[in-house]
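See structure below.
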Number of protein chains: 4
Amino acid sequence: MINGEKSFDRPLRWGMVGGGRTGQVGYKHRTGALRDGNYRLVAGAFDLDAKRGRDFGIRLGVDADRCYATYQEMIAGERDRDDGLEAVSVATPNFTHYEITKALLEAGIHVICEKPLFFTVEECDEIARLADEKGLIVGVTYGYTGHPLVYQMAAMVAKGMLGEIRIVDLEYTHGFNAGDDTDASEAQKWRTDPSKSGSTFVLGDIGTHLHYLSEIVLPHLKIEKLLCDRKAFIPSREPLEDHATVLMHYDNGARGRLWVSSVDAGNMGSQRYRFVGSKASVSWSDSRPNELIYEIQGEPAQVLHHGMPYLEDESLAVDRMGALHTEGLGDSWANIYLWIAEAIDAKKRGDEAFLGTHHYPGIKAGTEGVRWLQNCVRSAESGSAWIDYR
Amino acid sequence: MINGEKSFDRPLRWGMVGGGRTGQVGYKHRTGALRDGNYRLVAGAFDLDAKRGRDFGIRLGVDADRCYATYQEMIAGERDRDDGLEAVSVATPNFTHYEITKALLEAGIHVICEKPLFFTVEECDEIARLADEKGLIVGVTYGYTGHPLVYQMAAMVAKGMLGEIRIVDLEYTHGFNAGDDTDASEAQKWRTDPSKSGSTFVLGDIGTHLHYLSEIVLPHLKIEKLLCDRKAFIPSREPLEDHATVLMHYDNGARGRLWVSSVDAGNMGSQRYRFVGSKASVSWSDSRPNELIYEIQGEPAQVLHHGMPYLEDESLAVDRMGALHTEGLGDSWANIYLWIAEAIDAKKRGDEAFLGTHHYPGIKAGTEGVRWLQNCVRSAESGSAWIDYR
Amino acid sequence: MINGEKSFDRPLRWGMVGGGRTGQVGYKHRTGALRDGNYRLVAGAFDLDAKRGRDFGIRLGVDADRCYATYQEMIAGERDRDDGLEAVSVATPNFTHYEITKALLEAGIHVICEKPLFFTVEECDEIARLADEKGLIVGVTYGYTGHPLVYQMAAMVAKGMLGEIRIVDLEYTHGFNAGDDTDASEAQKWRTDPSKSGSTFVLGDIGTHLHYLSEIVLPHLKIEKLLCDRKAFIPSREPLEDHATVLMHYDNGARGRLWVSSVDAGNMGSQRYRFVGSKASVSWSDSRPNELIYEIQGEPAQVLHHGMPYLEDESLAVDRMGALHTEGLGDSWANIYLWIAEAIDAKKRGDEAFLGTHHYPGIKAGTEGVRWLQNCVRSAESGSAWIDYR
Amino acid sequence: MINGEKSFDRPLRWGMVGGGRTGQVGYKHRTGALRDGNYRLVAGAFDLDAKRGRDFGIRLGVDADRCYATYQEMIAGERDRDDGLEAVSVATPNFTHYEITKALLEAGIHVICEKPLFFTVEECDEIARLADEKGLIVGVTYGYTGHPLVYQMAAMVAKGMLGEIRIVDLEYTHGFNAGDDTDASEAQKWRTDPSKSGSTFVLGDIGTHLHYLSEIVLPHLKIEKLLCDRKAFIPSREPLEDHATVLMHYDNGARGRLWVSSVDAGNMGSQRYRFVGSKASVSWSDSRPNELIYEIQGEPAQVLHHGMPYLEDESLAVDRMGALHTEGLGDSWANIYLWIAEAIDAKKRGDEAFLGTHHYPGIKAGTEGVRWLQNCVRSAESGSAWIDYR
């Protein structure tokens, strides 16, 4: 159980690019990073509007002279300080991830970046090489995957409690884009502009969460074939999609299906995961993150509750509130940030043994997300045909 | 509201082929048919084991001399009676539906047949012509579609309360065949034998329910393209499937996805339907048939309860128990049988005007189910490729 | 599993008093009685409006000359027929139960009566003596207690799976009387008239269901002390109540609490039962009658599904639809009527051994319901004070 | 919406008494206090085991010389520092609350104390006078009442959306003490020792949460009469209780019932609130804190989702994560701590106008909780009789 004790001697000097007052995601980064005293917010380029960003940073407790207008100025301004930035989170539109991450790494700063990480696997590979050369960590904020019951599912699969995996059913749908984009906010507009969002809208925006969580639960399954059928119900979003179905054949013979949509009018259930094996199934939703349904064929269904002693150690280890007390998305983000901090600390100490077994969403997870998106797009552009995954 | 008043002057003289003591489906037919006094069970060929069938029939109140060993003997024995059979239900394995239905129609008897109706559309068309010539009705027991809230969904779609339909999400999965068939009952064994089950297992056994219900709710949508990916996780079931995913493109641009499986270990939720429009969605499950979720984007989700005055007339008209009082599958079957009785009565009276607007699962519904199965198989056998629906 | 086979050689000749077209409860009686071929509806005095009752009876298939204007005429008319009535259901306002039941018994007819049975325990005892003298059965339609999972709970308690019982939590609330009675139907009006309803409204109307079901599950627990706090939120209903809380101390030290209300605005969940023991708890609601929650302290909660082989024999024996297939209130009523028919048959055969162990809602259950109501009223009228149960 | 911007210029210098490594509640205080940058943890007397407490404090980032062995040493050590403590949270067993709070106030330090606040109303009143004299705030950590949908309920009641309040139904039960206390932890043992826990166990431990939340939603309702029936199912806990039922009559005629238990085997649902008015009801549970059921009699039930624009401003103002993104108990504690910080800041600034309307759980809320407990005990000790509330 996590209780706020710091993992190492002093907090990382941490900053942000983006995540300003008008966006929704910045608070998630901060509430995650600042929870356990492992990060201290010391600088930032929070907003395209420099004045607003500076004002906001001051309200967050950042010194005025470390509230920068741009990430370039931030890198320059922090370079020569003894107490300069050690780690920076990137919470900006997709098309800027690559250039900002690259610049930060080149300045010797660890990076924690929003998903989807970059536009292409090639960019991912290049950044991975750069980080490796520099001895730096790149974390990716798959923010839903810090929930303790995700690791319960993974542990149950690993122990064979489900038998051989047969069916993977993944859904993340909502209806916030059911209407057209006439009144869309700036934060929304870039998501349907291919030059800024990349080659996908909902597949990248929400589908990558499904894909990464399924990789945590099913680390040994590989996709062999994939089919993606996508559509923009609001035509102005073309060539990007507001709805997609993806079918997957895994190397063990399992079958997967995935649904992402932002036009699923009225659905507030967010994500639903179901993993079916030859003996039993598990189901979980981020909208009720504290319970897990475990169904053994021919027996009563079981509802597992977070924080209870009957859970696997992997799940209990990352619980914060304890049974009866609800955990939310903020707790999940706090775990993600903790694990990335542990990776950064190990990297600083040169502890590759730790890094070899340490679980956190890093450059590899980010790369696999981009690879999956590229395969989806390749299928969709081939007439929604089956393709070999590569 | 239905309260058991008879629809016409005297009950139909009714019999059964199959539906004996050891099967599960016979009781559903009887509890449906006998509910409203519109059918009276007077004869039957209930069982392949003639003695057991005769004993069973007697326990159901049938005269011993009208408990027949075979359907052929039943037809022969009833032919010359003044009080001979008028309608017969066929609750036998799939491969016998066609020959039994044909023989009954030729003997001048209305038929109520299990789904999937026959093996091919050609057989369906032939039987439709025969029934038409003979002035007889063929009903199909899509037993789940008698629930009042199914008609609530249909009425809401018809009134435009959902806006333009965009997404159709259909699931019927369970795990009763998660294990292999070593200890399978006879009732189960024929289902995975292509010579007896036809060209599908779960697609025909449970998928046709999904397809027919979606046709009730969305009568104006037509499938243009379809893709079916199926698999037998238990190899001995090949070439039939115990799991399938079907993708559909409708003529209005809507996208459909459908999942059927009998290896979904532990799932007792049975069927789940979700219809998403540009304004709102409705969701319903036969496992909680008395409530309907109605979600208008941007408003609180609504839970509609059967039998309440705020429902549409189409739904209230077929309610039996009234609000607060649960209806179950037996009530749904009772409605199906009532509607078929009304069709038979109209046919007897020559009331084609009534038949022109009367809703019941008849030969057309059965034919469309078989057509859909044929398209699924054609896609599956083409490498799970997209095909034009025909 | 019940599959519609008749329990004995020919159906009982059965009639109804009340239960006409405009009421809601008549259909429940008929769908229950007629399900298994153990009753045949041959006569009735269905309605205070004789013409409407006669027309209705005919539509139910009753011969016109056996559709009577009053129950007195019915008794007189049936007396001398060889095929006269053997059993009659009484579905009339409370204040008529006693006189009608008495007249029927004196005419040698078995009675199936609505709850609350009579106004006083003295009346119950008198009727019990009369029935005994005449060799007749009095059944009481506690219609919710035919659900299979009720007997699962009883069997689990009996086997000690819950440990020693500590807490009994009973609720039956709805909001259909949240408004005043300005527009109340006739069927509603008598319920708040003490001369017709007796000394209670909701306690008798819905509370007796809670009490009887709890007696099935906990047959060995006796109430020692009771406190009833009741209120009419709509003053015109005084001195009767539209809301009441009852606290109970049982002889083993267990504590009970019970809530009934018809002003619980918007609540469609109907009844909720929770039985807590030293080791585990069970929870069940008639609004989701096909699932049972079983919670062992320190283990995952279990959801039991009706009709599954892991259930106790007592539950499986009374299942009708089988797992995956929903049962509703009609199925529950069918079981009640079946068990009463079995009691009547045994009485006719003089099989007291069978009657000694046969479970059905009879005169004893009805009497205990009235006793409980009298204790509730006595407490309420003593300033909602604790009283010794007697 | 709260996004982590600080409410005032610099964080309060904050410390803790109790809340050490082995307890469960300390992390809730810290995750609440540290979320928004309004508190900085600078000192503490975390543990009865001084060495363990010091080690723990260091791991929390506290300077070693400000990790004190006792609260007395802490007060002494901080007294003369320029950067001494401004506010301290008390997370110790009940019997120490009064003396620690008094000592802190006398030292000029704001206090944030666990519930139940003290043993008697007299103590509460004395502390209130002391705080007033010193110009200091006493906050009480009713940690569940920071959830946004609590304020949605309050706003809906205030706007009359429920009509006149009729029924208040409050439950907080779990089963963690279903077994005896043989293996109880130290943290558990003091709770059933009257000299340390006070005159109640579960009433004070969990019942006060129910009472305070109901006061937020129904500020204008006053209890007139109360009855408390309590029991220890584990006899060694006597004279304290592990189960209690409380009935309440409010001054507007409403009826309340409340259930607390720690022997409700297997129940993980924690708290359930239902407020019923003449027109509609609302239901909420802390176990699913992000949804609220709103039921208008005669209309479909509505499920409200946190963070959605259709909610009242009072609820949206205190949302942190936004719709679709779950909030948990930590977010609720963060709000409580934020509101207390705002009160402390206003007190420092002498802004009594702000304090006059500012909502936070303060000495008054704590006092009312103790008053309610005293009434419960007085009734229980009078034979569970009705008493006038005073």
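Residue names in the structure tokens use chain letters A, B, ... in the order shown, residue numbers from 1 in each chain, and ligand numbers from 1 in the order shown.
Omitting A:Gln72 and its sequence neighbours fewer than 2 positions away, and counting only C-alpha atoms, the residues within 12 Å are Val17, Gly44, Ala45, Tyr68, Ala69, Thr70, Met74, Ile75, Ala76, Gly77, Glu78, Arg79, Glu99, Ile100, Thr101, Lys102, Ala103, Leu104, Glu106 and Ala107 of chain A.
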I need the chain D residues near chain A as a PyMOL selection string; criterion: at most 7 Å, counting only C-alpha atoms. chain D and resi 3-6+27+31+35+59-60+268+270+287+324-329
Quick one: residues within 10 Å of B:Pro194, only C-alpha atoms, excluding same-chain residues fewer than 3 positions away - as a PyMOL selection string? chain B and resi 94-95+190-191+197-201+237-240
Give me, as a PyMOL selection string, all polymer residues having an atom no more than 8 Å from C:Leu85, counting only C-alpha atoms and skipping those fewer than 4 positions away in the same chain. chain C and resi 13-15+42-43+78-79+109
Using DSSP on the backbone, list every residue of stretch 69-155 of chain D that comes out as strand (DSSP E or B), and give them as a count of residues only. 12
Quick check for you: according to DSSP on this backbone, which residues of stretch 104-232 of chain C are classed as alpha helix (DSSP H)? Reply as a PyMOL selection string. chain C and resi 104-106+121-134+148-158+186-189+194-197+202+208-217
I want to know what sits within 8 Å of stretch 306-318 of chain C, based on only C-alpha atoms, with residues of the same chain fewer than 4 positions away left out; could you give that as a ChimeraX atom specification? /A:298-300 /C:1-2,146-152,155-156,290-291,322-323,335
